[in-house]
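Undergrad: Pasting query.pdb below, which is PDB, C-alpha atoms.
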MODEL        1
ATOM      1  CA  MET A 195     254.814 179.606 -45.192
ATOM      2  CA  ARG A 196     252.210 181.882 -43.634
ATOM      3  CA  GLN A 197     251.891 182.059 -39.869
ATOM      4  CA  LYS A 198     248.987 180.117 -38.371
ATOM      5  CA  SER A 199     246.268 182.050 -36.561
ATOM      6  CA  PHE A 200     245.115 181.118 -33.066
ATOM      7  CA  ALA A 201     241.945 179.572 -34.510
ATOM      8  CA  GLU A 202     243.959 177.341 -36.833
ATOM      9  CA  ALA A 203     246.731 176.366 -34.446
ATOM     10  CA  GLY A 204     244.585 175.225 -31.521
ATOM     11  CA  PHE A 205     245.708 174.404 -28.016
ATOM     12  CA  ASP A 206     244.696 170.756 -27.728
ATOM     13  CA  ARG A 207     247.104 168.732 -25.640
ATOM     14  CA  PHE A 208     245.961 165.395 -27.000
ATOM     15  CA  ARG A 209     245.239 164.917 -30.680
ATOM     16  CA  LYS A 210     244.642 161.791 -32.768
ATOM     17  CA  LYS A 211     244.671 161.445 -36.532
ATOM     18  CA  THR A 212     241.162 160.265 -37.360
ATOM     19  CA  ARG A 213     240.064 157.979 -40.190
ATOM     20  CA  ARG A 214     238.508 160.974 -41.952
ATOM     21  CA  ARG A 215     241.752 162.918 -41.814
ATOM     22  CA  ARG A 216     243.789 159.944 -43.079
ATOM     23  CA  PHE A 217     241.277 159.487 -45.920
ATOM     24  CA  LEU A 218     241.500 163.156 -46.930
ATOM     25  CA  GLU A 219     245.288 163.115 -46.804
ATOM     26  CA  GLU A 220     245.377 160.084 -49.103
ATOM     27  CA  MET A 221     242.927 161.597 -51.573
ATOM     28  CA  ASP A 222     244.794 164.902 -51.507
ATOM     29  CA  ARG A 223     247.857 163.035 -52.768
ATOM     30  CA  VAL A 224     246.154 161.103 -55.572
ATOM     31  CA  VAL A 225     243.753 163.677 -57.074
ATOM     32  CA  PRO A 226     245.316 165.478 -60.114
ATOM     33  CA  TRP A 227     244.442 168.958 -58.872
ATOM     34  CA  ASP A 228     246.455 170.919 -61.446
ATOM     35  CA  ALA A 229     244.926 169.141 -64.450
ATOM     36  CA  LEU A 230     241.364 169.398 -63.141
ATOM     37  CA  CYS A 231     241.697 173.069 -62.231
ATOM     38  CA  ALA A 232     243.239 173.831 -65.635
ATOM     39  CA  ALA A 233     240.169 172.348 -67.353
ATOM     40  CA  ILE A 234     237.755 174.475 -65.296
ATOM     41  CA  ALA A 235     239.784 177.704 -65.301
ATOM     42  CA  PRO A 236     238.678 178.982 -68.770
ATOM     43  CA  VAL A 237     235.024 179.230 -67.650
ATOM     44  CA  TYR A 238     235.616 180.116 -63.992
ATOM     45  CA  PRO A 239     234.905 183.766 -62.995
ATOM     46  CA  LYS A 240     237.946 186.042 -63.073
ATOM     47  CA  ARG A 241     238.882 188.805 -60.665
ATOM     48  CA  GLY A 242     237.494 192.174 -61.609
ATOM     49  CA  ARG A 243     234.874 194.533 -60.302
ATOM     50  CA  GLY A 244     232.760 193.391 -57.403
ATOM     51  CA  ARG A 245     233.360 190.607 -54.929
ATOM     52  CA  PRO A 246     236.434 188.512 -55.831
ATOM     53  CA  PRO A 247     235.667 184.835 -56.546
ATOM     54  CA  VAL A 248     236.766 182.066 -54.202
ATOM     55  CA  GLU A 249     239.927 180.280 -55.324
ATOM     56  CA  LEU A 250     239.147 177.574 -57.871
ATOM     57  CA  ASP A 251     241.201 174.954 -56.033
ATOM     58  CA  ARG A 252     239.135 175.483 -52.889
ATOM     59  CA  MET A 253     235.807 175.230 -54.664
ATOM     60  CA  LEU A 254     236.868 171.994 -56.368
ATOM     61  CA  ARG A 255     237.919 170.549 -53.017
ATOM     62  CA  ILE A 256     234.566 171.495 -51.507
ATOM     63  CA  TYR A 257     232.773 169.900 -54.469
ATOM     64  CA  PHE A 258     234.689 166.661 -53.902
ATOM     65  CA  LEU A 259     233.863 166.744 -50.181
ATOM     66  CA  GLN A 260     230.206 166.738 -51.187
ATOM     67  CA  GLN A 261     230.705 163.547 -53.200
ATOM     68  CA  TRP A 262     232.847 161.764 -50.616
ATOM     69  CA  PHE A 263     230.578 162.465 -47.627
ATOM     70  CA  ASP A 264     227.174 162.780 -49.377
ATOM     71  CA  LEU A 265     226.688 166.421 -48.359
ATOM     72  CA  SER A 266     224.174 168.929 -49.686
ATOM     73  CA  ASP A 267     225.124 172.546 -50.401
ATOM     74  CA  PRO A 268     224.099 173.791 -46.916
ATOM     75  CA  GLY A 269     225.412 170.554 -45.405
ATOM     76  CA  VAL A 270     228.948 171.054 -46.688
ATOM     77  CA  GLU A 271     228.959 174.655 -45.436
ATOM     78  CA  GLU A 272     228.071 173.490 -41.926
ATOM     79  CA  ALA A 273     230.595 170.650 -42.121
ATOM     80  CA  LEU A 274     233.384 173.114 -42.900
ATOM     81  CA  TYR A 275     232.609 175.010 -39.698
ATOM     82  CA  GLU A 276     232.371 171.831 -37.626
ATOM     83  CA  SER A 277     235.190 169.657 -38.995
ATOM     84  CA  ASP A 278     238.815 170.668 -38.523
ATOM     85  CA  SER A 279     240.029 167.963 -40.937
ATOM     86  CA  MET A 280     237.751 169.261 -43.710
ATOM     87  CA  ARG A 281     238.937 172.832 -43.175
ATOM     88  CA  ARG A 282     242.553 171.666 -43.376
ATOM     89  CA  PHE A 283     241.800 169.810 -46.600
ATOM     90  CA  VAL A 284     240.171 172.869 -48.211
ATOM     91  CA  GLY A 285     242.684 175.315 -46.725
ATOM     92  CA  ILE A 286     240.316 177.497 -44.679
ATOM     93  CA  ASP A 287     241.488 179.351 -41.562
ATOM     94  CA  LEU A 288     238.492 180.601 -39.588
ATOM     95  CA  GLY A 289     240.771 183.056 -37.818
ATOM     96  CA  ARG A 290     241.137 184.988 -41.083
ATOM     97  CA  GLU A 291     238.154 184.133 -43.296
ATOM     98  CA  ARG A 292     234.753 182.552 -43.551
ATOM     99  CA  ALA A 293     233.937 179.320 -45.309
ATOM    100  CA  PRO A 294     232.174 179.715 -48.696
ATOM    101  CA  ASP A 295     228.416 179.831 -48.186
ATOM    102  CA  GLU A 296     225.909 177.411 -49.688
ATOM    103  CA  THR A 297     225.007 179.814 -52.523
ATOM    104  CA  THR A 298     228.624 179.922 -53.691
ATOM    105  CA  VAL A 299     228.801 176.122 -53.573
ATOM    106  CA  CYS A 300     225.539 175.837 -55.535
ATOM    107  CA  LYS A 301     226.755 178.243 -58.230
ATOM    108  CA  PHE A 302     229.984 176.299 -58.663
ATOM    109  CA  ARG A 303     228.046 173.047 -59.092
ATOM    110  CA  HIS A 304     225.803 174.679 -61.680
ATOM    111  CA  LEU A 305     228.906 175.934 -63.501
ATOM    112  CA  LEU A 306     230.230 172.393 -63.815
ATOM    113  CA  GLU A 307     226.854 171.138 -65.036
ATOM    114  CA  ARG A 308     226.306 173.969 -67.514
ATOM    115  CA  HIS A 309     229.648 173.384 -69.252
ATOM    116  CA  ASP A 310     229.603 169.542 -68.983
ATOM    117  CA  LEU A 311     232.854 169.589 -67.019
ATOM    118  CA  THR A 312     232.146 166.502 -64.927
ATOM    119  CA  GLU A 313     232.561 164.264 -67.969
ATOM    120  CA  GLY A 314     235.864 165.984 -68.692
ATOM    121  CA  MET A 315     236.956 165.284 -65.104
ATOM    122  CA  PHE A 316     236.136 161.614 -65.594
ATOM    123  CA  GLU A 317     238.254 161.427 -68.766
ATOM    124  CA  GLN A 318     241.163 163.307 -67.190
ATOM    125  CA  VAL A 319     241.181 160.941 -64.235
ATOM    126  CA  GLN A 320     241.356 157.989 -66.657
ATOM    127  CA  GLU A 321     244.344 159.547 -68.442
ATOM    128  CA  TYR A 322     246.014 160.342 -65.115
ATOM    129  CA  LEU A 323     245.616 156.767 -63.867
ATOM    130  CA  ALA A 324     246.880 155.370 -67.182
ATOM    131  CA  GLU A 325     250.070 157.417 -66.714
ATOM    132  CA  HIS A 326     250.522 155.690 -63.350
ATOM    133  CA  GLY A 327     250.066 152.211 -64.807
ATOM    134  CA  VAL A 328     246.330 151.706 -64.204
ATOM    135  CA  ARG A 329     245.077 151.149 -67.752
ATOM    136  CA  VAL A 330     241.832 149.866 -69.232
ATOM    137  CA  ARG A 331     242.452 146.469 -70.829
ATOM    138  CA  ASN A 332     240.472 144.037 -72.970
ATOM    139  CA  GLY A 333     237.835 142.719 -70.580
ATOM    140  CA  THR A 334     234.683 144.617 -69.584
ATOM    141  CA  ILE A 335     232.104 143.824 -66.903
ATOM    142  CA  VAL A 336     228.747 145.588 -67.234
ATOM    143  CA  ASP A 337     226.156 146.114 -64.532
ATOM    144  CA  ALA A 338     223.719 148.670 -63.094
ATOM    145  CA  THR A 339     222.678 149.826 -59.633
ATOM    146  CA  ILE A 340     219.492 151.526 -58.469
ATOM    147  CA  LEU A 341     219.603 154.992 -56.885
ATOM    148  CA  THR A 342     216.307 155.689 -55.189
ATOM    149  CA  ALA A 343     214.348 158.960 -55.407
ATOM    150  CA  PRO A 344     211.591 160.339 -53.149
ATOM    151  CA  SER A 345     208.329 158.624 -54.069
ATOM    152  CA  SER A 346     206.133 160.941 -52.002
ATOM    153  CA  ARG A 347     203.628 163.245 -53.698
ATOM    154  CA  LYS A 348     203.491 165.640 -50.741
ATOM    155  CA  ASN A 349     205.084 168.559 -52.570
ATOM    156  CA  ARG A 350     203.998 171.655 -54.468
ATOM    157  CA  ALA A 351     203.442 169.830 -57.742
ATOM    158  CA  LYS A 352     201.626 166.960 -55.994
ATOM    159  CA  ALA A 353     203.610 164.560 -58.206
ATOM    160  CA  ARG A 354     206.768 162.496 -58.262
ATOM    161  CA  ASP A 355     209.739 163.328 -60.451
ATOM    162  CA  PRO A 356     208.472 162.594 -64.007
ATOM    163  CA  GLU A 357     211.954 161.616 -65.256
ATOM    164  CA  MET A 358     212.363 158.829 -62.708
ATOM    165  CA  GLY A 359     210.824 155.374 -63.002
ATOM    166  CA  SER A 360     209.842 152.303 -61.000
ATOM    167  CA  THR A 361     211.370 148.840 -61.147
ATOM    168  CA  ARG A 362     211.216 145.639 -59.157
ATOM    169  CA  LYS A 363     214.217 143.829 -57.766
ATOM    170  CA  GLY A 364     213.328 140.529 -56.186
ATOM    171  CA  GLN A 365     210.061 141.162 -54.352
ATOM    172  CA  GLN A 366     210.811 144.848 -53.673
ATOM    173  CA  TRP A 367     209.740 147.831 -55.793
ATOM    174  CA  TYR A 368     212.053 150.854 -56.170
ATOM    175  CA  PHE A 369     211.443 154.340 -57.578
ATOM    176  CA  GLY A 370     214.375 156.327 -58.937
ATOM    177  CA  MET A 371     217.113 155.963 -61.547
ATOM    178  CA  LYS A 372     219.827 153.529 -62.595
ATOM    179  CA  ALA A 373     223.555 154.113 -62.877
ATOM    180  CA  HIS A 374     224.958 151.776 -65.567
ATOM    181  CA  ILE A 375     228.716 151.225 -65.701
ATOM    182  CA  GLY A 376     231.262 149.401 -67.820
ATOM    183  CA  MET A 377     234.241 148.321 -65.699
ATOM    184  CA  ASP A 378     237.622 146.860 -66.601
ATOM    185  CA  SER A 379     237.742 143.246 -65.427
ATOM    186  CA  GLN A 380     241.352 143.428 -64.180
ATOM    187  CA  THR A 381     241.905 146.915 -62.750
ATOM    188  CA  LYS A 382     238.267 147.457 -61.641
ATOM    189  CA  GLN A 383     238.350 150.892 -63.234
ATOM    190  CA  ILE A 384     235.058 152.323 -64.505
ATOM    191  CA  HIS A 385     235.465 153.429 -68.124
ATOM    192  CA  SER A 386     231.833 154.040 -69.172
ATOM    193  CA  VAL A 387     228.876 155.579 -67.326
ATOM    194  CA  VAL A 388     225.213 155.927 -68.363
ATOM    195  CA  ALA A 389     222.261 157.172 -66.297
ATOM    196  CA  THR A 390     218.639 156.246 -67.051
ATOM    197  CA  ALA A 391     215.305 155.987 -65.304
ATOM    198  CA  ALA A 392     214.956 152.868 -63.166
ATOM    199  CA  ASN A 393     212.413 151.287 -65.514
ATOM    200  CA  VAL A 394     214.927 151.109 -68.409
ATOM    201  CA  HIS A 395     216.181 147.545 -68.812
ATOM    202  CA  ASP A 396     219.910 147.028 -68.278
ATOM    203  CA  SER A 397     220.455 145.557 -71.757
ATOM    204  CA  GLN A 398     219.116 148.690 -73.514
ATOM    205  CA  VAL A 399     222.343 150.655 -72.864
ATOM    206  CA  LEU A 400     224.830 147.805 -73.318
ATOM    207  CA  ALA A 401     226.328 149.315 -76.486
ATOM    208  CA  GLU A 402     227.161 152.552 -74.644
ATOM    209  CA  LEU A 403     229.067 150.678 -71.920
ATOM    210  CA  LEU A 404     231.625 149.038 -74.236
ATOM    211  CA  HIS A 405     234.758 150.811 -75.507
ATOM    212  CA  GLY A 406     235.115 148.584 -78.601
ATOM    213  CA  GLY A 407     238.452 146.939 -77.843
ATOM    214  CA  GLU A 408     237.103 144.147 -75.676
ATOM    215  CA  THR A 409     237.930 140.503 -76.143
ATOM    216  CA  ARG A 410     235.556 139.383 -73.360
ATOM    217  CA  VAL A 411     232.332 140.847 -71.955
ATOM    218  CA  TRP A 412     230.869 139.719 -68.620
ATOM    219  CA  GLY A 413     227.399 140.475 -67.291
ATOM    220  CA  ASP A 414     224.563 139.004 -65.280
ATOM    221  CA  LYS A 415     221.425 137.394 -66.696
ATOM    222  CA  ALA A 416     219.948 140.787 -67.634
ATOM    223  CA  TYR A 417     222.398 140.907 -70.575
ATOM    224  CA  CYS A 418     221.654 137.402 -71.840
ATOM    225  CA  GLY A 419     220.875 137.249 -75.566
ATOM    226  CA  GLN A 420     222.802 140.427 -76.477
ATOM    227  CA  ARG A 421     225.553 138.715 -78.493
ATOM    228  CA  LYS A 422     224.636 140.636 -81.647
ATOM    229  CA  VAL A 423     224.960 144.000 -79.869
ATOM    230  CA  ILE A 424     228.313 142.975 -78.409
ATOM    231  CA  ARG A 425     229.655 141.907 -81.825
ATOM    232  CA  GLU A 426     228.530 145.179 -83.441
ATOM    233  CA  VAL A 427     230.408 147.330 -80.904
ATOM    234  CA  ALA A 428     233.328 144.998 -80.117
ATOM    235  CA  PRO A 429     233.844 142.562 -83.040
ATOM    236  CA  ARG A 430     236.596 140.587 -81.252
ATOM    237  CA  ALA A 431     234.651 140.167 -77.997
ATOM    238  CA  GLN A 432     233.382 136.852 -76.678
ATOM    239  CA  ASP A 433     230.070 136.792 -74.841
ATOM    240  CA  PHE A 434     230.615 135.722 -71.221
ATOM    241  CA  THR A 435     227.266 136.933 -69.897
ATOM    242  CA  GLN A 436     225.385 134.498 -67.704
ATOM    243  CA  ARG A 437     222.725 132.289 -69.225
ATOM    244  CA  LYS A 438     219.205 132.152 -67.830
ATOM    245  CA  ALA A 439     216.517 129.512 -67.943
ATOM    246  CA  PHE A 440     213.222 129.944 -69.801
ATOM    247  CA  ARG A 441     209.859 128.331 -69.364
ATOM    248  CA  ASN A 442     210.162 124.638 -70.209
ATOM    249  CA  GLN A 443     213.883 125.177 -70.949
ATOM    250  CA  PRO A 444     215.850 124.710 -67.697
ATOM    251  CA  LEU A 445     219.595 125.139 -67.626
ATOM    252  CA  THR A 446     221.747 122.061 -68.048
ATOM    253  CA  GLU A 447     224.381 121.073 -65.510
ATOM    254  CA  GLN A 448     227.100 122.383 -67.806
ATOM    255  CA  GLN A 449     225.369 125.751 -68.154
ATOM    256  CA  ARG A 450     224.968 126.046 -64.382
ATOM    257  CA  ALA A 451     228.656 125.268 -63.883
ATOM    258  CA  ALA A 452     229.568 127.834 -66.545
ATOM    259  CA  ASN A 453     227.447 130.463 -64.781
ATOM    260  CA  VAL A 454     229.316 129.793 -61.545
ATOM    261  CA  ARG A 455     232.680 130.281 -63.254
ATOM    262  CA  LYS A 456     231.495 133.490 -64.935
ATOM    263  CA  ALA A 457     230.102 134.799 -61.648
ATOM    264  CA  ARG A 458     233.563 134.690 -60.056
ATOM    265  CA  VAL A 459     234.711 137.354 -62.521
ATOM    266  CA  ARG A 460     231.416 139.221 -62.851
ATOM    267  CA  ALA A 461     231.199 139.742 -59.072
ATOM    268  CA  ARG A 462     234.116 142.204 -59.230
ATOM    269  CA  VAL A 463     231.721 144.844 -60.565
ATOM    270  CA  GLU A 464     230.209 145.055 -57.087
ATOM    271  CA  HIS A 465     233.425 146.599 -55.734
ATOM    272  CA  PRO A 466     232.952 150.094 -57.260
ATOM    273  CA  PHE A 467     229.278 149.987 -56.292
ATOM    274  CA  GLN A 468     230.331 149.156 -52.741
ATOM    275  CA  VAL A 469     232.638 152.204 -52.701
ATOM    276  CA  MET A 470     229.932 154.413 -54.197
ATOM    277  CA  LYS A 471     227.163 153.351 -51.816
ATOM    278  CA  ARG A 472     228.909 152.261 -48.608
ATOM    279  CA  VAL A 473     232.056 154.415 -48.517
ATOM    280  CA  PHE A 474     230.704 157.572 -50.199
ATOM    281  CA  GLY A 475     227.093 157.064 -49.098
ATOM    282  CA  PHE A 476     225.589 157.697 -52.559
ATOM    283  CA  ARG A 477     222.395 155.604 -52.342
ATOM    284  CA  GLU A 478     219.746 158.214 -53.144
ATOM    285  CA  VAL A 479     219.481 160.956 -55.745
ATOM    286  CA  ARG A 480     219.666 164.522 -54.458
ATOM    287  CA  TYR A 481     218.288 166.520 -57.399
ATOM    288  CA  ARG A 482     215.253 166.372 -59.683
ATOM    289  CA  GLY A 483     215.752 165.109 -63.220
ATOM    290  CA  ILE A 484     218.175 162.633 -64.776
ATOM    291  CA  GLU A 485     220.698 165.155 -66.120
ATOM    292  CA  LYS A 486     221.661 166.791 -62.814
ATOM    293  CA  ASN A 487     222.007 163.436 -61.114
ATOM    294  CA  TRP A 488     224.003 162.110 -64.091
ATOM    295  CA  HIS A 489     226.642 164.792 -63.473
ATOM    296  CA  ARG A 490     226.888 163.652 -59.883
ATOM    297  CA  VAL A 491     227.159 160.004 -60.914
ATOM    298  CA  VAL A 492     229.985 160.769 -63.376
ATOM    299  CA  ALA A 493     231.924 162.837 -60.824
ATOM    300  CA  THR A 494     231.443 160.118 -58.208
ATOM    301  CA  CYS A 495     232.672 157.404 -60.611
ATOM    302  CA  ALA A 496     235.838 159.432 -61.272
ATOM    303  CA  LEU A 497     236.456 159.632 -57.514
ATOM    304  CA  VAL A 498     235.668 155.912 -57.127
ATOM    305  CA  ASN A 499     238.412 155.155 -59.683
ATOM    306  CA  LEU A 500     240.884 157.312 -57.743
ATOM    307  CA  PHE A 501     239.896 155.691 -54.443
ATOM    308  CA  GLN A 502     240.353 152.158 -55.781
ATOM    309  CA  ALA A 503     243.734 152.984 -57.356
ATOM    310  CA  ARG A 504     245.022 155.259 -54.583
ATOM    311  CA  ARG A 505     247.654 152.847 -53.253
ATOM    312  CA  VAL A 506     249.002 152.157 -56.755
ATOM    313  CA  VAL A 507     249.270 155.900 -57.443
ATOM    314  CA  ILE A 508     250.953 156.621 -54.096
ATOM    315  CA  ARG A 509     253.527 153.851 -54.684
ATOM    316  CA  ALA A 510     254.233 155.248 -58.151
ATOM    317  CA  GLN A 511     254.704 158.713 -56.670
ATOM    318  CA  GLU A 512     257.093 157.373 -54.038
ATOM    319  CA  ARG A 513     259.154 155.586 -56.699
ATOM    320  CA  CYS A 514     259.421 158.789 -58.729
ATOM    321  CA  ALA A 515     260.480 160.738 -55.623
ATOM    322  CA  CYS A 516     263.362 158.331 -54.917
TER     323      CYS A 516
ENDMDL
END
Step by step, read the file and then write its structure as structure tokens.
TA:
Amino acid sequence: MRQKSFAEAGFDRFRKKTRRRRFLEEMDRVVPWDALCAAIAPVYPKRGRGRPPVELDRMLRIYFLQQWFDLSDPGVEEALYESDSMRRFVGIDLGRERAPDETTVCKFRHLLERHDLTEGMFEQVQEYLAEHGVRVRNGTIVDATILTAPSSRKNRAKARDPEMGSTRKGQQWYFGMKAHIGMDSQTKQIHSVVATAANVHDSQVLAELLHGGETRVWGDKAYCGQRKVIREVAPRAQDFTQRKAFRNQPLTEQQRAANVRKARVRARVEHPFQVMKRVFGFREVRYRGIEKNWHRVVATCALVNLFQARRVVIRAQERCAC
């Protein structure tokens, strides 16, 4: 154990454990740091001539702070100087060293994107949770959420992002992209992620959201009439998507009652979206283009799975420690 510096120790007489600190302590326990770092290590810069690289574990922790608190590259640098709980989580002592600057954070993010490591993180988290008893089963709920992008043309190009699209939800128009997910109906774990422009209809990516072993598939009215696609990907699956009325073909009383019963299960898909948008604050895209934002969506979905299963993982760890 190294000795704490004066900057790290502090002289506060009264101290309270905040919600942020409790959250970071919980996530520190449930994230599989060793496995994730081992996957990144082969492409991470090694010590040699020149300035030594920041420890991989620290950079990964900073990257996760960005996803949890919706921070930009310069924003997370400033947060590390302002927040004692974040510095403790990363392991930075301002009495001995500086926090990594925004350029270092940006380069690490580009490294993950260049080598497609965020998708590997997502798969490793699934394997890790399966080892702790949180497994993907035979029911899948599919849905999509809109992530808005700046619609202003007051920029150098005098144009909006060409890879984004516009869509209408209710009476409101949105410009941006969609995050499509396939979620296990029992454990609420996301097992499939697809990112498209907002003007792509939800049903167009249905095949990519199924893992093939389903016996039941739930979805809202946007997925109505996709029974053939479901059978091609998951031959044993039954179609439990909600039915919708057409012109001169209203729903019968039985169909309305069936939609209500299906909605009780289908509504569970809103839970990971609630974590993504309300807890993590991921409502708007931060980068231009679908690909960069897709990496962020995949990394966020992996952290959403860990957040939802954190109590199960902690209990499993406590049983193993006994």
Undergrad: When you draw a straight line from atom CA of Lys210 of chain A to atom CA of Pro268 of chain A, how long is it in Å?
TA: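 Computing it gives 27.7 Å between the two atoms.
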Undergrad: Find the residues around segment 449-465 of chain A up to 9 Å (only C-alpha atoms counted), leave out those fewer than 5 positions away in its own chain, and share them as a list of chain:residue names.
TA: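 Surrounding residues, per the criterion: A:Ile335, A:Val336, A:Asp337, A:Ile375, A:Gly376, A:Met377, A:Asp378, A:Ser379, A:Gln380, A:Lys382, A:Trp412, A:Gly413, A:Asp414, A:Phe434, A:Thr435, A:Gln436, A:Arg437, A:Lys438, A:Met470, A:Gln502.
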Undergrad: Under the PyMOL selection byres ((chain A and resi 245-254) around 12), which residues of this model are included? Write them out as a ChimeraX atom specification.
TA: /A:222,225-244,255-261,267,270-271,274,280-286,291-303,305-306,311-312,315,493
Undergrad: Written as a tab-separated table (two decimals) with C-alpha atoms, in the frame of the given file, which residues does the PyMOL selection byres ((chain A and resi 264) around 7) give for the file shown?
TA:
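The file below, out.tsv, is the result:
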chain	number	residue	atom	x	y	z
A	260	GLN	CA	230.21	166.74	-51.19
A	261	GLN	CA	230.70	163.55	-53.20
A	262	TRP	CA	232.85	161.76	-50.62
A	263	PHE	CA	230.58	162.46	-47.63
A	265	LEU	CA	226.69	166.42	-48.36
A	266	SER	CA	224.17	168.93	-49.69
A	474	PHE	CA	230.70	157.57	-50.20
A	475	GLY	CA	227.09	157.06	-49.10
A	476	PHE	CA	225.59	157.70	-52.56
Undergrad: Which of these residues is nearest to Ala428 of chain A, using all atoms listed in the file: A:Leu404, A:Val498, A:Leu288, A:Val330?
TA: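 Answer, going by the shortest atom-to-atom distance: A:Leu404.
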Undergrad: For a cut-off of 12 Å around (246.4, 162.6, -61.6), file coordinates, pick out all residues using all atoms listed in the file and list them as a compact mmCIF listing (two decimals) with C-alpha atoms, in the coordinates of the input.
TA:
# COMPACT_ATOMS: atom_id res chain seq x y z
CA MET A 221 242.93 161.60 -51.57
CA ASP A 222 244.79 164.90 -51.51
CA ARG A 223 247.86 163.04 -52.77
CA VAL A 224 246.15 161.10 -55.57
CA VAL A 225 243.75 163.68 -57.07
CA PRO A 226 245.32 165.48 -60.11
CA TRP A 227 244.44 168.96 -58.87
CA ASP A 228 246.46 170.92 -61.45
CA ALA A 229 244.93 169.14 -64.45
CA LEU A 230 241.36 169.40 -63.14
CA CYS A 231 241.70 173.07 -62.23
CA MET A 315 236.96 165.28 -65.10
CA PHE A 316 236.14 161.61 -65.59
CA GLU A 317 238.25 161.43 -68.77
CA GLN A 318 241.16 163.31 -67.19
CA VAL A 319 241.18 160.94 -64.24
CA GLN A 320 241.36 157.99 -66.66
CA GLU A 321 244.34 159.55 -68.44
CA TYR A 322 246.01 160.34 -65.11
CA LEU A 323 245.62 156.77 -63.87
CA ALA A 324 246.88 155.37 -67.18
CA GLU A 325 250.07 157.42 -66.71
CA HIS A 326 250.52 155.69 -63.35
CA GLY A 327 250.07 152.21 -64.81
CA VAL A 328 246.33 151.71 -64.20
CA ALA A 496 235.84 159.43 -61.27
CA LEU A 497 236.46 159.63 -57.51
CA ASN A 499 238.41 155.16 -59.68
CA LEU A 500 240.88 157.31 -57.74
CA PHE A 501 239.90 155.69 -54.44
CA ALA A 503 243.73 152.98 -57.36
CA ARG A 504 245.02 155.26 -54.58
CA VAL A 506 249.00 152.16 -56.76
CA VAL A 507 249.27 155.90 -57.44
CA ILE A 508 250.95 156.62 -54.10
CA ALA A 510 254.23 155.25 -58.15
CA GLN A 511 254.70 158.71 -56.67
Undergrad: Please compute the atom CA of Gly483 of chain A-atom CA of Pro344 of chain A distance, one decimal, in Å.
TA: 11.9 Å
Undergrad: When you draw a straight line from atom CA of Val411 of chain A to atom CA of Asp433 of chain A, how long is it in Å?
TA: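 So the answer is 5.5 Å.
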Undergrad: List as a tab-separated table (two decimals) with C-alpha atoms, in the frame of the given file the protein and nucleic acid residues near Gly406 of chain A, meaning an atom at most 10 Å away when all atoms listed in the file are counted, but skip any in the same chain fewer than 3 places from it.
TA:
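Output saved as around_1.tsv:
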chain	number	residue	atom	x	y	z
A	332	ASN	CA	240.47	144.04	-72.97
A	334	THR	CA	234.68	144.62	-69.58
A	401	ALA	CA	226.33	149.32	-76.49
A	402	GLU	CA	227.16	152.55	-74.64
A	403	LEU	CA	229.07	150.68	-71.92
A	409	THR	CA	237.93	140.50	-76.14
A	424	ILE	CA	228.31	142.98	-78.41
A	425	ARG	CA	229.66	141.91	-81.82
A	426	GLU	CA	228.53	145.18	-83.44
A	427	VAL	CA	230.41	147.33	-80.90
A	428	ALA	CA	233.33	145.00	-80.12
A	429	PRO	CA	233.84	142.56	-83.04
A	430	ARG	CA	236.60	140.59	-81.25
A	431	ALA	CA	234.65	140.17	-78.00
Undergrad: A:Thr446, A:Thr342, A:Asn393, A:Gln432: which is nearest Arg410 of chain A, counting all atoms listed in the file?
TA: A:Gln432
